[in-house]
There are 2 protein chains.
Amino acid sequence: MTTASLRTLEQALRDKRLPEAAALLSSLAPQEVAALLEQMPPQLRTIGFRLLPKDQAVEIFDDFDAEVQVELIGELGSAHVAEAFDNLDPEDRAELLDELPASVAKELVRTLSPQERELTAVVLGFPRSSVGRRMSPEFIHAFADDTADEVLDRVRARGHQVSSIYIVPVVDRSRRLLGVVSLRDLLLAEPEEAVGPIAKTPIFAHALDDAETTADRCVDRGISAMPVVDAEDRLVGVLTLDDAIEIVDAARDEDEARAGAREPLRESYLLASVFAITRSRVVWLFVLAVSAILTVNVLEFFEGTLEQRVALALFIPLLTGIGGNTGSQAATTVTRALATGEVAPRDVGRVAGKEIRVGFTMGAALGLAGFGVAAAVYGLDIGTVIGLTILSVCTMAATVGGLMPLLAKTVRVDPAVFSTPFISTFCDATGLIIYFMIAKTVLGI
Amino acid sequence: MTTASLRTLEQALRDKRLPEAAALLSSLAPQEVAALLEQMPPQLRTIGFRLLPKDQAVEIFDDFDAEVQVELIGELGSAHVAEAFDNLDPEDRAELLDELPASVAKELVRTLSPQERELTAVVLGFPRSSVGRRMSPEFIHAFADDTADEVLDRVRARGHQVSSIYIVPVVDRSRRLLGVVSLRDLLLAEPEEAVGPIAKTPIFAHALDDAETTADRCVDRGISAMPVVDAEDRLVGVLTLDDAIEIVDAARDEDEARAGAREPLRESYLLASVFAITRSRVVWLFVLAVSAILTVNVLEFFEGTLEQRVALALFIPLLTGIGGNTGSQAATTVTRALATGEVAPRDVGRVAGKEIRVGFTMGAALGLAGFGVAAAVYGLDIGTVIGLTILSVCTMAATVGGLMPLLAKTVRVDPAVFSTPFISTFCDATGLIIYFMIAKTVLGI
């Protein structure tokens with residue numbers, strides 16, 4: 001699928017050339033259709049969705065993000081909705097219920113079969129940020145003394161109901177997890193071989209574990225399905241790679257948005273209204289502007305110095321820029337290292353030691369260059385001030401930038417929130433203080 | 001695996017308590033062992049690797065990043081290396097060969113069996129950034145008139161040699177791709193059923209397609225293996241979800257690094273030397289500092305105005321900060337929309353229209369607040385200057401920030417390189433010009 005097919009489909013729907021649109025949709029794989037429809041304005045999306053054959057529509061509804069599902073539910077007739085809802089995986093249904101108004105959610109749950117209602121209840125029983133809420137409670141499991149052929153028969157019989165058949169958890173009689181056996185191993189095993197001995201050490205999670213961390217681990221290790229156990233180590237579900245990728249992507253989106261000082265947009269950029277985009281940014285911009293008033297106060301304090309040497313004002317944006325960039329370089333490096341588990345808050349000493357040395361080295365190189373240029377143009381005294389300030393600001397900014405994410409993690413704030421924009425503002429104010437202290441000393445004012 | 005097991009293992013290896021370390025390693029799944037060893041200092045990693053049983057060592061070697069593989073090759077004996085090398089998947093082998101010194105690479109290729117050498121040559125025949133270079137040339141395929149049982153037998157017979165068995169491409173007699181059939185569908189089908197009718201529309205890629213874009217599509221749609229075809233639409237390989245995740249992760253790392261104005265680190269943060277970290281940052285910092293000299297020039301031009309009203313200098317960091325933040329908010333939003341395909345360079349008009357209005361709305365809100373505060377403290381004239389400047393700077397910065405990534409994409413530069421740091425610097429300089437023009441007009445100097 002390319003942007004080209006998006007434009008073609010949009011145009012066909014807009015011009016009400018429906019047979020043409022239907023033909024285009026039926027030539028694509030369901031996942032591609034879902035991706036295509038998600039990027040279209042809601043009215044066109046509903047028309048497109050109605051063109052799909054019924055069984056395909058149900059499958060594609062499942063592929064949509066919860067927000068798109070909510071919009072479609074508002075547009076479609078209730079019979080159509082009830083069927084799509086019954087066909088959702090329990091964990092996707094739980095996510096959708098979280099997004100719907102309570103009255104609609106209640107109405108929809110009433111349409112479910114008792115068995116589906118029970119499965120949904122299992123997932124809804126876990127806290128929102130836990131992996132229990134995102135796991136699939138429908139899975140195939142095996143006992144250690146089952147033969148490979150018996151398990152394969154079970155896969156054949158129930159394969160169409162469950163999200164994952166490529167990894168089968170092996171449990172004991174009290175449902176405690178013993179290991180996992182892959183469908184590949186089942187196929188390659190002798191039909192009469194017991195699965196216990198061919199099962200492998202499982203990579204698993206506890207239902208109350210954080211969904212994001214668990215999903216990261218699942219994606220990082222490329223595991224197609226991760227067993228999830230309860231407090232008594234009993235198997236309660238599996239997290240599929242599909243769902244894990246979705247969780248990781250959503251979390252990355254949020255981190256990126258925070259690092260860019262905004263809230264994530266909940267809809268496609270071109271479809272979002274000016275109001276929605278403004279709302280996603282204005283709060284952060286306001287917070288940052290208010291904290292930047294600090295720099296006005298600092299400069300006010302040194303107004304006397306500035307009046308004596310107006311030339312000092314020329315370097316303010318250059319120096320705050322160097323500080324902000326150095327700080328955000330360090331912050332993004334350490335935030336990343338925290339996310340991948342290379343660094344933990346207890347490594348504060350090692351991080352500080354490293355960043356002080358890195359900042360000093362960069363400051364020395366850049367400061368020397370700054371001294372040379374400034375001394376040549378504005379004289380030796382200004383050159384000295386600029387060189388020394390760059391050295392100090394780089395060392396300070398790298399250290400602060402490196403430690404800030406660790407601090408955020410320690411007080412349980414998302415490191416991405418804290419990092420870049422706040423560090424820039426903080427380094428701006430601190431850098432100005434350093435600058436004028438050095439200037440006063442060197443210039444003797 | 002937690003950071004706790006990392007510390008325990010490191011300590012055991014450092015203290016030469018090898019049986020204890022071996023026991024810990026054997027209690028973990030291979031992917032966990034690989035993740036654990038990757039985070040350790042190279043000397044300890046080699047010791048740990050030597051403790052692994054031979055067959056496990058070969059599997060774990062395959063899980064390592066190419067850089068770690070290169071290091072290990074330097075440390076291990078050549079017989080050990082040759083075996084691990086022969087057992088790599090051809091696409092991983094191609095990646096490793098790219099990283100090795102030519103002499104070592106040549107030596108290693110010589111140790112391969114003729115068949116493995118040929119498979120490696122297929123992959124190496126495609127350009128480095130293409131998906132052909134990252135696909136697996138070993139796969140199981142089916143013809144449309146094969147029965148489900150025949151294909152399953154083939155999976156059983158060859159399943160241990162290929163990377164992906166969960167999606168089987170269906171081809172015609174000239175190997176042209178017709179569709180795909182999942183292992184799930186094969187198991188659920190009647191044994192004597194032909195696979196042609198149950199095959200689905202494939203989501204596939206061309207071998208010369210960009211690896212990153214293709215991998216994104218594969219991960220986004222959650223496809224466990226994507227067929228890859230050549231210019232004549234003949235099947236030449238499959239891209240597995242594992243490999244796609246690896247490509248996407250590496251690309252995201254690079255984008256994040258660029259957005260933070262640094263080069264990605266090739267090793268774990270705590271293991272990297274001060275020199276390596278400095279090198280990854282100093283070039284960018286230098287480039288940014290040099291472009292920030294622009295702000296010095298701008299201020300120099302307005303030095304006369306500044307001398308008359310030194311109070312104007314107090315607001316410089318506040319105003320450049322607002323501009324920089326607004327610009328990077330817009331830039332990260334549009335960069336993200338470009339990456340997900342929501343926006344293309346041809347949407348330049350729609351993006352500009354949106355960002356002008358968003359910038360103006362935010363500028364009006366923030367400018368009004370700025371006017372109020374500044375007028376109360378510094379008088380009505382300064383208040384007017386600050387309010388109008390904030391309004392103009394926000395509108396300008398949002399527009400420039402939104403368009404810059406589109407420009408980067410048009411001239412085929414990675415939008416992440418261009419975005420945040422350069423936009424800040426550019427907005428700093430432009431914002432200062434706006435500021436002093438408004439000040440001169442309003443204050444009549």
# chains A, B, ... in the order shown; residues from 1 in each chain; ligands from 1
$ interface_residues --of "chain B" --to "chain A" --cutoff "6 Å" --atoms "only C-alpha atoms" --output "mmCIF file with N, CA and C atoms, in the first residue's frame"
data_model
loop_
_atom_site.group_PDB
_atom_site.id
_atom_site.type_symbol
_atom_site.label_atom_id
_atom_site.label_comp_id
_atom_site.auth_asym_id
_atom_site.auth_seq_id
_atom_site.Cartn_x
_atom_site.Cartn_y
_atom_site.Cartn_z
ATOM 1 N N ALA B 29 16.446 -18.539 29.330
ATOM 2 C CA ALA B 29 16.186 -18.798 27.912
ATOM 3 C C ALA B 29 17.298 -18.154 27.081
ATOM 4 N N GLN B 31 17.450 -16.250 24.445
ATOM 5 C CA GLN B 31 17.345 -14.824 24.109
ATOM 6 C C GLN B 31 17.704 -13.946 25.308
ATOM 7 N N ARG B 156 7.866 -29.952 7.926
ATOM 8 C CA ARG B 156 8.496 -30.902 8.860
ATOM 9 C C ARG B 156 9.913 -31.234 8.423
ATOM 10 N N LEU B 187 -2.764 -25.972 9.106
ATOM 11 C CA LEU B 187 -3.159 -26.939 10.139
ATOM 12 C C LEU B 187 -4.677 -27.082 10.193
ATOM 13 N N LEU B 188 -5.384 -25.973 9.955
ATOM 14 C CA LEU B 188 -6.838 -26.008 10.081
ATOM 15 C C LEU B 188 -7.507 -26.534 8.810
ATOM 16 N N THR B 201 -4.293 -12.831 -0.162
ATOM 17 C CA THR B 201 -3.559 -11.753 -0.816
ATOM 18 C C THR B 201 -2.285 -11.481 -0.016
ATOM 19 N N ARG B 221 1.995 -3.808 10.462
ATOM 20 C CA ARG B 221 0.890 -4.710 10.162
ATOM 21 C C ARG B 221 0.997 -6.021 10.954
ATOM 22 N N GLY B 222 2.107 -6.210 11.688
ATOM 23 C CA GLY B 222 2.275 -7.431 12.472
ATOM 24 C C GLY B 222 2.335 -8.701 11.636
ATOM 25 N N ASP B 242 11.120 -10.803 13.123
ATOM 26 C CA ASP B 242 12.316 -10.620 13.954
ATOM 27 C C ASP B 242 13.289 -9.639 13.334
ATOM 28 N N GLY B 260 18.363 14.447 19.077
ATOM 29 C CA GLY B 260 19.082 14.958 20.242
ATOM 30 C C GLY B 260 20.444 15.494 19.853
ATOM 31 N N VAL B 274 34.768 7.641 27.550
ATOM 32 C CA VAL B 274 34.500 9.079 27.499
ATOM 33 C C VAL B 274 34.797 9.590 26.096
ATOM 34 N N THR B 278 32.141 11.418 23.704
ATOM 35 C CA THR B 278 32.456 12.773 23.231
ATOM 36 C C THR B 278 32.392 12.829 21.711
ATOM 37 N N ALA B 292 25.057 29.106 15.422
ATOM 38 C CA ALA B 292 24.520 30.043 16.406
ATOM 39 C C ALA B 292 25.255 31.391 16.372
ATOM 40 N N VAL B 296 24.802 36.072 17.127
ATOM 41 C CA VAL B 296 25.706 37.138 17.546
ATOM 42 C C VAL B 296 25.681 38.260 16.510
ATOM 43 N N LEU B 299 22.477 40.325 16.756
ATOM 44 C CA LEU B 299 22.480 41.221 17.907
ATOM 45 C C LEU B 299 23.455 42.387 17.709
ATOM 46 N N LEU B 314 16.925 41.686 28.573
ATOM 47 C CA LEU B 314 16.409 40.758 29.591
ATOM 48 C C LEU B 314 15.534 39.663 28.988
ATOM 49 N N PHE B 315 14.841 40.000 27.879
ATOM 50 C CA PHE B 315 13.846 39.064 27.335
ATOM 51 C C PHE B 315 14.409 38.161 26.244
ATOM 52 N N LEU B 318 14.118 34.359 27.003
ATOM 53 C CA LEU B 318 12.706 33.986 27.075
ATOM 54 C C LEU B 318 12.119 33.854 25.671
ATOM 55 N N GLN B 329 8.152 21.637 18.657
ATOM 56 C CA GLN B 329 6.853 20.965 18.751
ATOM 57 C C GLN B 329 6.322 20.653 17.360
ATOM 58 N N VAL B 358 -2.224 27.225 13.893
ATOM 59 C CA VAL B 358 -1.885 26.741 15.236
ATOM 60 C C VAL B 358 -0.932 27.717 15.913
#
$ select_by_dssp --residues "range 73-260 of chain B" --states "strand (DSSP E)" --output "ChimeraX atom specification"
/B:142-143,167-171,177-182,205-206,225-229,235-240
$ write_last_selection --atoms "N, CA, C and O atoms" --output "mmCIF file, in the first residue's frame"
data_model
loop_
_atom_site.group_PDB
_atom_site.id
_atom_site.type_symbol
_atom_site.label_atom_id
_atom_site.label_comp_id
_atom_site.auth_asym_id
_atom_site.auth_seq_id
_atom_site.Cartn_x
_atom_site.Cartn_y
_atom_site.Cartn_z
ATOM 1 N N ALA B 142 5.300 -23.043 -1.598
ATOM 2 C CA ALA B 142 4.338 -24.052 -2.044
ATOM 3 C C ALA B 142 3.815 -23.668 -3.416
ATOM 4 O O ALA B 142 3.838 -22.494 -3.796
ATOM 5 N N PHE B 143 3.356 -24.685 -4.170
ATOM 6 C CA PHE B 143 2.655 -24.412 -5.419
ATOM 7 C C PHE B 143 1.160 -24.473 -5.155
ATOM 8 O O PHE B 143 0.715 -25.138 -4.211
ATOM 9 N N ILE B 167 4.611 -18.418 7.796
ATOM 10 C CA ILE B 167 3.954 -17.936 6.578
ATOM 11 C C ILE B 167 4.630 -18.650 5.406
ATOM 12 O O ILE B 167 5.852 -18.566 5.260
ATOM 13 N N VAL B 168 3.888 -19.357 4.594
ATOM 14 C CA VAL B 168 4.453 -20.044 3.428
ATOM 15 C C VAL B 168 3.964 -19.338 2.160
ATOM 16 O O VAL B 168 2.761 -19.294 1.901
ATOM 17 N N PRO B 169 4.886 -18.767 1.361
ATOM 18 C CA PRO B 169 4.474 -18.127 0.117
ATOM 19 C C PRO B 169 4.043 -19.180 -0.905
ATOM 20 O O PRO B 169 4.629 -20.261 -0.993
ATOM 21 N N VAL B 170 2.991 -18.863 -1.679
ATOM 22 C CA VAL B 170 2.521 -19.751 -2.739
ATOM 23 C C VAL B 170 2.918 -19.141 -4.076
ATOM 24 O O VAL B 170 2.663 -17.957 -4.312
ATOM 25 N N VAL B 171 3.584 -19.953 -4.946
ATOM 26 C CA VAL B 171 4.102 -19.420 -6.211
ATOM 27 C C VAL B 171 3.617 -20.276 -7.388
ATOM 28 O O VAL B 171 3.153 -21.396 -7.190
ATOM 29 N N LEU B 177 5.045 -14.918 -7.315
ATOM 30 C CA LEU B 177 4.259 -14.944 -6.086
ATOM 31 C C LEU B 177 2.759 -14.852 -6.370
ATOM 32 O O LEU B 177 2.293 -13.925 -7.036
ATOM 33 N N LEU B 178 1.983 -15.802 -5.856
ATOM 34 C CA LEU B 178 0.531 -15.782 -6.025
ATOM 35 C C LEU B 178 -0.202 -15.381 -4.745
ATOM 36 O O LEU B 178 -1.262 -14.768 -4.781
ATOM 37 N N GLY B 179 0.336 -15.762 -3.608
ATOM 38 C CA GLY B 179 -0.341 -15.487 -2.341
ATOM 39 C C GLY B 179 0.469 -16.059 -1.202
ATOM 40 O O GLY B 179 1.606 -16.487 -1.386
ATOM 41 N N VAL B 180 -0.098 -16.024 -0.007
ATOM 42 C CA VAL B 180 0.575 -16.634 1.143
ATOM 43 C C VAL B 180 -0.431 -17.497 1.893
ATOM 44 O O VAL B 180 -1.624 -17.232 1.894
ATOM 45 N N VAL B 181 0.078 -18.532 2.541
ATOM 46 C CA VAL B 181 -0.784 -19.348 3.380
ATOM 47 C C VAL B 181 -0.073 -19.484 4.732
ATOM 48 O O VAL B 181 1.142 -19.688 4.794
ATOM 49 N N SER B 182 -0.823 -19.249 5.819
ATOM 50 C CA SER B 182 -0.195 -19.302 7.135
ATOM 51 C C SER B 182 -0.175 -20.737 7.630
ATOM 52 O O SER B 182 -0.991 -21.571 7.217
ATOM 53 N N ALA B 205 7.108 -7.240 -0.653
ATOM 54 C CA ALA B 205 8.004 -6.125 -0.953
ATOM 55 C C ALA B 205 8.870 -6.496 -2.138
ATOM 56 O O ALA B 205 9.025 -7.679 -2.452
ATOM 57 N N HIS B 206 9.426 -5.485 -2.805
ATOM 58 C CA HIS B 206 10.414 -5.731 -3.850
ATOM 59 C C HIS B 206 11.802 -5.692 -3.220
ATOM 60 O O HIS B 206 12.039 -4.918 -2.300
ATOM 61 N N ALA B 225 6.048 -12.915 8.440
ATOM 62 C CA ALA B 225 7.055 -13.010 7.380
ATOM 63 C C ALA B 225 6.484 -12.423 6.099
ATOM 64 O O ALA B 225 5.375 -12.749 5.699
ATOM 65 N N MET B 226 7.266 -11.542 5.472
ATOM 66 C CA MET B 226 6.818 -10.830 4.277
ATOM 67 C C MET B 226 7.610 -11.349 3.084
ATOM 68 O O MET B 226 8.833 -11.276 3.077
ATOM 69 N N PRO B 227 6.925 -11.879 2.044
ATOM 70 C CA PRO B 227 7.660 -12.355 0.867
ATOM 71 C C PRO B 227 8.348 -11.189 0.158
ATOM 72 O O PRO B 227 7.823 -10.077 0.123
ATOM 73 N N VAL B 228 9.529 -11.468 -0.408
ATOM 74 C CA VAL B 228 10.283 -10.453 -1.148
ATOM 75 C C VAL B 228 10.469 -10.970 -2.571
ATOM 76 O O VAL B 228 10.888 -12.116 -2.760
ATOM 77 N N VAL B 229 10.135 -10.131 -3.570
ATOM 78 C CA VAL B 229 10.231 -10.569 -4.969
ATOM 79 C C VAL B 229 11.239 -9.718 -5.731
ATOM 80 O O VAL B 229 11.556 -8.604 -5.317
ATOM 81 N N LEU B 235 9.761 -14.815 -6.467
ATOM 82 C CA LEU B 235 10.083 -14.876 -5.048
ATOM 83 C C LEU B 235 11.576 -15.114 -4.845
ATOM 84 O O LEU B 235 12.127 -16.070 -5.394
ATOM 85 N N VAL B 236 12.247 -14.238 -4.065
ATOM 86 C CA VAL B 236 13.674 -14.441 -3.806
ATOM 87 C C VAL B 236 13.984 -14.596 -2.319
ATOM 88 O O VAL B 236 15.084 -15.015 -1.952
ATOM 89 N N GLY B 237 13.021 -14.266 -1.446
ATOM 90 C CA GLY B 237 13.296 -14.401 -0.019
ATOM 91 C C GLY B 237 12.102 -13.974 0.811
ATOM 92 O O GLY B 237 11.048 -13.644 0.270
ATOM 93 N N VAL B 238 12.272 -14.006 2.118
ATOM 94 C CA VAL B 238 11.232 -13.487 3.009
ATOM 95 C C VAL B 238 11.895 -12.617 4.071
ATOM 96 O O VAL B 238 13.014 -12.890 4.508
ATOM 97 N N LEU B 239 11.205 -11.540 4.457
ATOM 98 C CA LEU B 239 11.665 -10.717 5.573
ATOM 99 C C LEU B 239 10.894 -11.176 6.808
ATOM 100 O O LEU B 239 9.663 -11.097 6.836
ATOM 101 N N THR B 240 11.614 -11.683 7.820
ATOM 102 C CA THR B 240 10.912 -12.154 9.015
ATOM 103 C C THR B 240 10.643 -10.995 9.967
ATOM 104 O O THR B 240 11.360 -9.989 9.955
#
$ calpha_fit_rmsd --fixed "chain B" --moving "chain A"
0.1 Å
$ select_by_dssp --residues "range 51-220 of chain B" --states "helix (DSSP H, G or I)" --output "MDAnalysis selection string"
chainID B and resid 54:63 66:75 78:87 90:99 102:110 114:124 131:133 148:158 183:188 195:198 211:220
$ atom_distance --atom1 "CA of Val162 in chain A" --atom2 "CA of Ile140 in chain A"
7.4 Å
